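Report on the following structure.
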Amino acid sequence: MLNREFVLSFREAAPYINAFRGKTFVLAVSGEAVMEGGFSKLSQDINLLVSLGVRVVLVHGIRPQIEALLKRFGIARMFHSDRRVTDANTMDIVKQAAGATRYEIEAQLSMGMHNSPMHGAHLRVAGGNFITAQPLGVLDGVDMQYTGQVRRIDTEAIRTRLEAGELVLLSPVGFSLTGEAFNLTMEEMAAQLASALKAEKLIFVIEGRGVVNPEGEFVSTLTAQQAENLLKAGHLQRDVTAYLPYAVKATRDGIPRAHLVSHHEDGSLLSELFTSGGTGTMIARDALVKVRTATIDDIGSILNIVRPLEEKGILVRRSREHLEMDIARYSVLEHDGKIYGCVAMHPFPEAGMAELACLAVSSEKREHGFGESLLHHVEYKARTQGLKALFVLTTQTAHWFIERGFAEADRATLPMAKQAFYNHQRRSKIFVKPL
Ligand SMILES: CC(C)(COP(=O)(O)OP(=O)(O)OC[C@H]1O[C@@H](n2cnc3c(N)ncnc32)[C@H](O)[C@@H]1OP(=O)(O)O)[C@@H](O)C(=O)NCCC(=O)NCCS
């Protein structure tokens with residue numbers, strides 16, 4: 001039997017698949033995600049990303065693995081300013097933890113059993129001395145010893161491996177020109193890798209689902225500025241406080257988007273990347289474009305956009321009173337707090353259809369994809385109401401709709417209620433898009 005939900009989800013993912021092909025994603029997976037056994041599912045999703053042509057650099061953490069080994073060998077933990085002080089004994093532990101974790105990840109990524117999603121994938125994993133480190137030195141009189149920081153990243157070597165279709169796996173250990181190994185932090189290294197490689201995304205796979213604001217609400221999207229404000233205000237969850245500053249730093253360094261996703265929820269990575277809603281928290285470099293339901297307060301802005309188009313006969317004239325009554329059917333596109341576009345959806349549930357109307361983008365912001373965002377919004381809204389098709393009546397914008405999957409139809413395809421109100425003088429053409 002046809003699985004309609006699968007077909008719809010796959011179609012929803014298609015634009016993301018096209019946009020991500022050939023792009024570099026730096027994926028920072030916490031040590032907990034590997035230790036607690038959740039990595040086997042995650043490794044299948046990472047494998048899928050590589051199969052879809054995404055260039056993946058995977059950096060893993062080792063914090064809980066180090067803690068477990070220190071405990072086993074009875075070695076004391078030492079910290080200064082939230083950083084581990086790595087003496088020679090601890091550095092031996094760091095190497096053991098990094099080695100074991102790395103092998104665990106490589107093993108999982110190599111899985112290819114017949115009944116697994118990775119059957120036939122043959123993912124190649126590359127590694128090497130791509131990170132040059134230097135000691136952090138003496139901080140406030142404390143010698144941090146083998147605790148280090150990134151000095152240089154061999155981006156050319158990493159790119160060569162990525163271009164060959166390989167996944168680059170890096171442990172948080174760097175090597176100095178004096179031939180020593182240094183203990184690095186996974187989040188700092190991941191953010192620096194993302195900037196150096198000019199990655200499209202930096203994704204932290206962490207304990208929690210993402211950012212929950214002080215009011216207790218989950219936040220799915222944030223600008224870098226909003227994230228900084230939340231960090232300043234405090235009261236965030238522990239892992240968010242640890243990773244969010246690096247997500248912000250990466251976006252400030254030019255990475256368009258950073259994400260926080262949970263390793264506890266199976267499929268959260270795919271859902272964050274390939275659906276419009278996502279499951280985690282996305283931090284965007286630029287101000288976000290938001291399409292939302294209109295309110296009475298938006299009527300002035302909507303009229304400013306549509307009045308010139310009504311005067312030219314492109315849109316049908318609507319009175320302010322009509323807009324006030326129907327406002328819940330309107331959506332507006334907001335960018336940086338200003339309204340640049342609008343659209344209305346009138347459902348005809350008895351016919352399984354909805355009319356898309358009053359689609360308009362203010363002239364100074366055309367050709368930024370805003371029209372398309374408004375169309376997607378209405379498509380999504382209609383689908384969630386179980387409607388099977390969208391129709392639009394237009395006099396001058398036929399090709400814009402045809403290029404986006406609409407086909408011309410005759411009047412008989414319209415819901416009866418709409419046919420009765422068809423304006424014969426306007427002679428609009430009718431276009432229908434199945435959903
Ligand atoms: C149609 C409209 C909403 C598109 O908004 P937008 O934000 O510029 O749309 P997008 O950025 O998603 O798409 C831009 C593309 O559509 C094309 N386009 C714009 N108007 C078009 C038209 N009337 N016919 C065909 N293509 C058109 C642009 O040339 C551009 O093409 P490109 O991507 O090849 O460069 C906007 O042009 C508008 O407000 N028009 C006046 C109102 C209108 O006609 N509404 C529809 C009434 S039913």
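By convention in this document, the chains of the structure tokens carry letters A, B, ... by their order, each chain's residues are numbered from 1, and ligands are numbered from 1 in the order they are shown.
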
How close does segment 93-201 of chain A get to segment 250-269 of chain A? List, as JSON lines, each residue of segment 93-201 of chain A within 6 Å, its nearest atom pair and the distance in Å to one decimal, counting only C-alpha atoms.
{"residue": "A:Ala191", "atom": "CA", "partner": "A:Ala250", "partner_atom": "CA", "distance": 5.4}
{"residue": "A:Glu200", "atom": "CA", "partner": "A:Ile255", "partner_atom": "CA", "distance": 5.9}
{"residue": "A:Lys201", "atom": "CA", "partner": "A:Arg257", "partner_atom": "CA", "distance": 5.2}

Those residues with N, CA and C atoms, as a compact mmCIF listing (two decimals), in the first residue's frame please?
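As written to disk, part.txt reads:
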# COMPACT_ATOMS: atom_id res chain seq x y z
N ALA A 191 34.38 24.37 16.55
CA ALA A 191 34.04 25.72 16.08
C ALA A 191 35.17 26.25 15.19
N GLU A 200 29.21 24.94 6.07
CA GLU A 200 27.84 25.40 5.94
C GLU A 200 27.15 25.34 7.30
N LYS A 201 27.51 24.31 8.07
CA LYS A 201 26.87 24.12 9.36
C LYS A 201 27.84 23.58 10.40

Chain A near ligand 1 within 6 Å: what's each residue's closest atom pair and its distance in Å to one decimal, counting only C-alpha atoms and all ligand atoms, ordered by chain then ascending residue number, as JSON lines?
{"residue": "A:Ile314", "atom": "CA", "partner": "ligand 1", "partner_atom_place_in_ligand_line": "44 (O)", "distance": 5.9}
{"residue": "A:Leu315", "atom": "CA", "partner": "ligand 1", "partner_atom_place_in_ligand_line": "47 (C)", "distance": 5.9}
{"residue": "A:Ala357", "atom": "CA", "partner": "ligand 1", "partner_atom_place_in_ligand_line": "48 (S)", "distance": 5.8}
{"residue": "A:Cys358", "atom": "CA", "partner": "ligand 1", "partner_atom_place_in_ligand_line": "47 (C)", "distance": 5.8}
{"residue": "A:Leu359", "atom": "CA", "partner": "ligand 1", "partner_atom_place_in_ligand_line": "45 (N)", "distance": 4.7}
{"residue": "A:Ala360", "atom": "CA", "partner": "ligand 1", "partner_atom_place_in_ligand_line": "39 (O)", "distance": 3.4}
{"residue": "A:Val361", "atom": "CA", "partner": "ligand 1", "partner_atom_place_in_ligand_line": "39 (O)", "distance": 3.9}
{"residue": "A:Arg366", "atom": "CA", "partner": "ligand 1", "partner_atom_place_in_ligand_line": "8 (O)", "distance": 3.4}
{"residue": "A:Glu367", "atom": "CA", "partner": "ligand 1", "partner_atom_place_in_ligand_line": "11 (O)", "distance": 3.2}
{"residue": "A:His368", "atom": "CA", "partner": "ligand 1", "partner_atom_place_in_ligand_line": "11 (O)", "distance": 4.3}
{"residue": "A:Gly369", "atom": "CA", "partner": "ligand 1", "partner_atom_place_in_ligand_line": "11 (O)", "distance": 3.2}
{"residue": "A:Phe370", "atom": "CA", "partner": "ligand 1", "partner_atom_place_in_ligand_line": "7 (O)", "distance": 3.9}
{"residue": "A:Gly371", "atom": "CA", "partner": "ligand 1", "partner_atom_place_in_ligand_line": "7 (O)", "distance": 3.5}
{"residue": "A:Glu372", "atom": "CA", "partner": "ligand 1", "partner_atom_place_in_ligand_line": "12 (O)", "distance": 3.8}
{"residue": "A:Leu393", "atom": "CA", "partner": "ligand 1", "partner_atom_place_in_ligand_line": "48 (S)", "distance": 5.9}
{"residue": "A:Thr394", "atom": "CA", "partner": "ligand 1", "partner_atom_place_in_ligand_line": "48 (S)", "distance": 4.5}
{"residue": "A:Gln396", "atom": "CA", "partner": "ligand 1", "partner_atom_place_in_ligand_line": "23 (N)", "distance": 5.5}
{"residue": "A:Thr397", "atom": "CA", "partner": "ligand 1", "partner_atom_place_in_ligand_line": "23 (N)", "distance": 3.7}
{"residue": "A:Ala398", "atom": "CA", "partner": "ligand 1", "partner_atom_place_in_ligand_line": "24 (N)", "distance": 5.9}
{"residue": "A:His399", "atom": "CA", "partner": "ligand 1", "partner_atom_place_in_ligand_line": "25 (C)", "distance": 4.3}
{"residue": "A:Trp400", "atom": "CA", "partner": "ligand 1", "partner_atom_place_in_ligand_line": "25 (C)", "distance": 3.8}

Expected answer as a PyMOL selection string: strand (DSSP E or B) residues in segment 326-415 of chain A: chain A and resi 330-335+338-348+353-361+389-394+407-409

Selection near segment 402-419 of chain A, 12 Å with only C-alpha atoms, sequence-local residues under 3 positions removed, as a PyMOL selection string: chain A and resi 346-356+371-373+375-376+379+389-394+396-399+422-424+427-435

Selection to disk with C-alpha atoms, as an mmCIF file, in the first residue's frame:
data_model
loop_
_atom_site.group_PDB
_atom_site.id
_atom_site.type_symbol
_atom_site.label_atom_id
_atom_site.label_comp_id
_atom_site.auth_asym_id
_atom_site.auth_seq_id
_atom_site.Cartn_x
_atom_site.Cartn_y
_atom_site.Cartn_z
ATOM 1 C CA HIS A 346 -9.157 30.220 2.333
ATOM 2 C CA PRO A 347 -9.966 26.560 3.000
ATOM 3 C CA PHE A 348 -12.821 24.733 1.243
ATOM 4 C CA PRO A 349 -12.741 21.515 3.291
ATOM 5 C CA GLU A 350 -15.832 20.053 1.578
ATOM 6 C CA ALA A 351 -13.832 20.071 -1.693
ATOM 7 C CA GLY A 352 -10.520 19.087 -0.040
ATOM 8 C CA MET A 353 -8.982 22.296 -1.413
ATOM 9 C CA ALA A 354 -7.743 25.691 -0.283
ATOM 10 C CA GLU A 355 -7.412 28.933 -2.172
ATOM 11 C CA LEU A 356 -4.133 30.799 -2.009
ATOM 12 C CA GLY A 371 7.331 34.674 -2.349
ATOM 13 C CA GLU A 372 8.394 31.049 -2.303
ATOM 14 C CA SER A 373 8.588 31.003 1.516
ATOM 15 C CA LEU A 375 3.871 29.659 -0.789
ATOM 16 C CA HIS A 376 5.607 26.892 1.219
ATOM 17 C CA GLU A 379 1.256 24.473 1.353
ATOM 18 C CA ALA A 389 -4.869 20.666 -3.412
ATOM 19 C CA LEU A 390 -4.242 24.395 -3.567
ATOM 20 C CA PHE A 391 -5.726 26.675 -6.191
ATOM 21 C CA VAL A 392 -5.032 30.243 -7.160
ATOM 22 C CA LEU A 393 -6.747 32.730 -9.461
ATOM 23 C CA THR A 394 -4.327 35.042 -11.190
ATOM 24 C CA GLN A 396 -0.508 38.324 -14.364
ATOM 25 C CA THR A 397 1.507 35.834 -12.369
ATOM 26 C CA ALA A 398 0.693 32.579 -14.176
ATOM 27 C CA HIS A 399 4.264 31.543 -14.863
ATOM 28 C CA TYR A 422 -16.010 33.640 -10.082
ATOM 29 C CA ASN A 423 -15.528 37.149 -11.469
ATOM 30 C CA HIS A 424 -16.177 36.886 -15.222
ATOM 31 C CA ARG A 427 -11.130 36.561 -16.378
ATOM 32 C CA SER A 428 -8.467 35.265 -14.025
ATOM 33 C CA LYS A 429 -6.794 32.031 -14.951
ATOM 34 C CA ILE A 430 -7.143 29.130 -12.559
ATOM 35 C CA PHE A 431 -4.137 27.108 -11.413
ATOM 36 C CA VAL A 432 -4.159 24.042 -9.201
ATOM 37 C CA LYS A 433 -1.357 22.283 -7.342
ATOM 38 C CA PRO A 434 -1.898 18.838 -5.813
ATOM 39 C CA LEU A 435 -0.358 18.581 -2.356
#

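Atom CA of Thr185 of chain A is found 26.9 Å from atom CA of Asp286 of chain A.
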
Residue nearest Arg63 of chain A among A:His80, A:Ala19, A:Glu187, A:Ala126 (counting only C-alpha atoms):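 Looking only at the distances to Arg63 of chain A, the closest residue turns out to be A:Glu187.
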
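Between Phe218 of chain A and the residues A:Gly120, A:Gly280, A:Gly22, A:Pro64, the shortest atom-to-atom distance, using only C-alpha atoms, involves A:Gly280.
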